[in-house]
Amino acid sequence: MTSVIETCGLRKAFGPKVVLDGIDLSVNKGESLVIIGGSGTGKSVLLKCILGLLHPDAGEVRINGESSAGLSAHTREARMRQFGMLFQGGALFDSLFVWENITFALARSGMKKSARIALAQEKLAAVGLKPETAFLKPAELSGGMQKRVSLARAICSNPPIVFFDEPTTGLDPIMADVINDLIVACTRSQGKTTLTITHDMHSARKIGTRIAMIYQGRIIHDGPAEQIMESGNPYVDQFVHGRAEGPIR
């Protein structure tokens with residue numbers, strides 16, 4: 001298998017607090033890796049290091065075998081174009097129409113307005129929204145619709161790698177499951193490589209082909225999604241079953 005995303009001995013600390021303490025991960029082409037763990041365990045920090053938004057103190061990140069260290073601004077920008085991202089809060093621009101939000105990355109590409117609108121409407125259809133949604137502002141959308149628009153933006157330029165940061169946060173259980181189904185339909189069926197961070201176990205099992213868990217800055221479990229509920233690891237078992245009693249304090 002071809003590794004698309006790799007982290008090797010990744011370490012990151014903020015002052016005396018060590019957040020990542022030697023993270024080794026590999027995500028193969030077409031694979032959907034979900035990273036779980038409690039609040040403050042380093043999931044978001046790991047994602048930001050992979051994206052290049054934070055610089056690790058040690059170790060390295062490789063995308064398609066190329067290290068992130070020492071990239072020129074031009075090369076880094078080209079790499080970022082390989083990524084799609086669904087942010088935890090949606091991160092839509094309130095002042096822009098939905099079609100402008102979805103095609104925001106193409107604003108300086110020279111693409112005509114009519115072509116951008118048509119592309120946005122194509123992606124809206126892919127996430128189950130009507131074409132006229134393109135001409136609304138985010139404030140006119142429900143929370144579930146905003147999340148769908150954010151997903152449409154994440155896949156707009158057909159990136160080979162897509163990241164999801166807590167994709168179901170703030171949604172009711174039914175809408176959360178709709179988003180899970182859409183993520184699978186829009187990414188796995190197209191052979192995209194995805195990395196998701198979440199604490200929602202239903203979402204993790206539905207989106208992921210593999211699930212890894214971070215605890216105290218380290219990966220303590222990494223295996224097939226269908227085995228996560230019976231891992232045999234007491235820390236993992238306590239977390240995935242939501243038990244108050246156990247080794248995690």
# chains A, B, ... in the order shown; residues from 1 in each chain; ligands from 1
call {"tool": "select_by_dssp", "arguments": {"residues": "stretch 10-237 of chain A", "states": "strand (DSSP E or B)", "output": "PyMOL selection string"}}
result
chain A and resi 10-14+17-28+32-36+58-63+66-67+83-86+161-165+193-197+210-215+218-224
call {"tool": "residues_around", "arguments": {"residues": "A:Val178", "least_positions_apart": "5", "cutoff": "9 Å", "atoms": "only C-alpha atoms", "output": "PyMOL selection string"}}
result
chain A and resi 144+173+183
call {"tool": "closest_residue", "arguments": {"among": "A:Glu140, A:Glu100, A:Glu31, A:Asp165", "to": "A:Arg153", "atoms": "only C-alpha atoms"}}
result
A:Glu100
call {"tool": "residues_around", "arguments": {"residues": "A:Leu86", "least_positions_apart": "5", "cutoff": "8 Å", "atoms": "only C-alpha atoms", "output": "PyMOL selection string"}}
result
chain A and resi 150-151+153-154+162-165+167
call {"tool": "closest_atom_pairs", "arguments": {"of": "stretch 167-208 of chain A", "to": "stretch 16-29 of chain A", "cutoff": "12 Å", "atoms": "only C-alpha atoms", "output": "JSON lines"}}
result
{"residue": "A:Thr187", "atom": "CA", "partner": "A:Lys29", "partner_atom": "CA", "distance": 11.9}
{"residue": "A:Arg188", "atom": "CA", "partner": "A:Lys29", "partner_atom": "CA", "distance": 10.6}
{"residue": "A:Gln190", "atom": "CA", "partner": "A:Lys29", "partner_atom": "CA", "distance": 11.3}
{"residue": "A:Gly191", "atom": "CA", "partner": "A:Lys29", "partner_atom": "CA", "distance": 7.7}
{"residue": "A:Lys192", "atom": "CA", "partner": "A:Lys29", "partner_atom": "CA", "distance": 7.2}
{"residue": "A:Thr193", "atom": "CA", "partner": "A:Lys29", "partner_atom": "CA", "distance": 5.5}
{"residue": "A:Thr194", "atom": "CA", "partner": "A:Val27", "partner_atom": "CA", "distance": 8.2}
{"residue": "A:Leu195", "atom": "CA", "partner": "A:Val27", "partner_atom": "CA", "distance": 8.0}
{"residue": "A:Thr196", "atom": "CA", "partner": "A:Val27", "partner_atom": "CA", "distance": 11.3}
{"residue": "A:Gly208", "atom": "CA", "partner": "A:Val27", "partner_atom": "CA", "distance": 11.5}
call {"tool": "write_last_selection", "arguments": {"atoms": "C-alpha atoms", "output": "compact mmCIF listing (two decimals), in the first residue's frame"}}
result
# COMPACT_ATOMS: atom_id res chain seq x y z
CA THR A 187 -15.04 10.60 -0.15
CA ARG A 188 -14.78 6.84 0.23
CA GLN A 190 -14.24 8.36 -4.83
CA GLY A 191 -11.14 6.76 -3.34
CA LYS A 192 -10.10 9.82 -1.36
CA THR A 193 -7.74 9.55 1.59
CA THR A 194 -9.33 10.98 4.73
CA LEU A 195 -8.31 11.73 8.28
CA THR A 196 -10.97 12.56 10.86
CA GLY A 208 -13.52 5.12 9.48
call {"tool": "closest_residue", "arguments": {"among": "A:Cys186, A:Leu124, A:Ile248, A:Val4", "to": "A:Asn158", "atoms": "only C-alpha atoms"}}
result
A:Cys186
call {"tool": "closest_residue", "arguments": {"among": "A:Gly128, A:Gly37, A:Gly90, A:Gly110", "to": "A:Asp237", "atoms": "only C-alpha atoms"}}
result
A:Gly37
call {"tool": "closest_residue", "arguments": {"among": "A:Leu47, A:Ala185, A:Ile174, A:Ile63", "to": "A:Ala126", "atoms": "only C-alpha atoms"}}
result
A:Ala185
call {"tool": "closest_residue", "arguments": {"among": "A:Lys147, A:His241, A:Lys113, A:His199", "to": "A:Ala176", "atoms": "only C-alpha atoms"}}
result
A:Lys147
call {"tool": "residues_around", "arguments": {"residues": "A:Leu71", "least_positions_apart": "6", "cutoff": "12 Å", "atoms": "only C-alpha atoms", "output": "PyMOL selection string"}}
result
chain A and resi 52+61-63+77-80
call {"tool": "write_last_selection", "arguments": {"atoms": "C-alpha atoms", "output": "PDB file, in the first residue's frame"}}
result
ATOM      1  CA  GLY A  52       1.462  22.560   8.578  1.00  0.00           C
ATOM      2  CA  VAL A  61       5.282  14.828   8.630  1.00  0.00           C
ATOM      3  CA  ARG A  62       5.394  13.357   5.129  1.00  0.00           C
ATOM      4  CA  ILE A  63       2.755  13.802   2.450  1.00  0.00           C
ATOM      5  CA  GLU A  77       0.947  26.412  -1.235  1.00  0.00           C
ATOM      6  CA  ALA A  78       0.870  23.702  -3.913  1.00  0.00           C
ATOM      7  CA  ARG A  79       0.656  21.042  -1.228  1.00  0.00           C
ATOM      8  CA  MET A  80      -2.238  22.785   0.496  1.00  0.00           C
TER       9      MET A  80
END
